Amino acid sequence: MWKSIDVPEDQAASIRARQLETAGRLTPVMVLANLVNASVVIVSFWHSPAIRLLGLWAALLFVASAILLIANMRARRKAKLRQKNGIAGSTDKTQQGIERFSRLASFVGLIWGILPLLIMPFDDATSQLAVSIIMAGMMFGGVVLISRIPEAAQAFLIPTTIGFVVGLQLGNDPRNDFLSILALVYASVLWISIRWSYRQLSLIHISEPTRLRR
């Protein structure tokens, strides 16, 4: 689990293609989770002093989710067209797809990392607890959905965790110190799971007969 795996150069593109295919199928679920959780945030904190900022935050998340969904639909359409025409994806194309998906995941993670900064300093302990639950759920849910692309999962996890911990420290409750430690522990577990998920995907792909990878 801890050791990195050496992927043969001739299989790198096909593994990346599988990563993108898996992430592409789950992208609508991720977008839906973003929108549902954003709606819960807005309804829950409708009377919060930070509601105007939360409105801007939700709008930004909606735009990011729309971009992610549109980019995913276009990428899947191009992939199906290449498959129909018998054109294999090159290493450069698949690498570009991984990098593009990682940038979008980082953007979404940054938006979620902003949420605690908007609420923790201004609301009561109950509201802070609600935000903590939402953030923990998004950390785990987001990473699980895109863990097959470790670059994207890590890009999502880092800003989310930083925003969560900083937001907790801005709160007035001394118990937030313990929650900050828990957040870092959760992030460490997720980081390990990301590496494990990619390793398992690579091992399974490499061990498959060549005919099944085509």
# chains A, B, ... in the order shown; residues from 1 in each chain; ligands from 1
>>> residues_around(residues="A:Leu104", least_positions_apart="5", cutoff="10 Å", atoms="only C-alpha atoms", output="count of residues only")
11
>>> residues_around(residues="A:Ile111", least_positions_apart="3", cutoff="12 Å", atoms="only C-alpha atoms", output="VMD selection string")
chain A and resid 34 38 54 56 to 65 104 to 108 114 to 118 135 138 156 to 164
>>> residues_around(residues="stretch 18-22 of chain A", least_positions_apart="6", cutoff="8 Å", atoms="only C-alpha atoms", output="PyMOL selection string")
chain A and resi 76+94+97-98+148-149
>>> closest_residue(among="A:Phe178, A:Gly55, A:Asn72, A:Leu190", to="A:Val43", atoms="only C-alpha atoms")
A:Gly55
>>> closest_residue(among="A:Met120, A:Ala153, A:Leu170, A:Ala183", to="A:Ala136", atoms="only C-alpha atoms")
A:Ala183
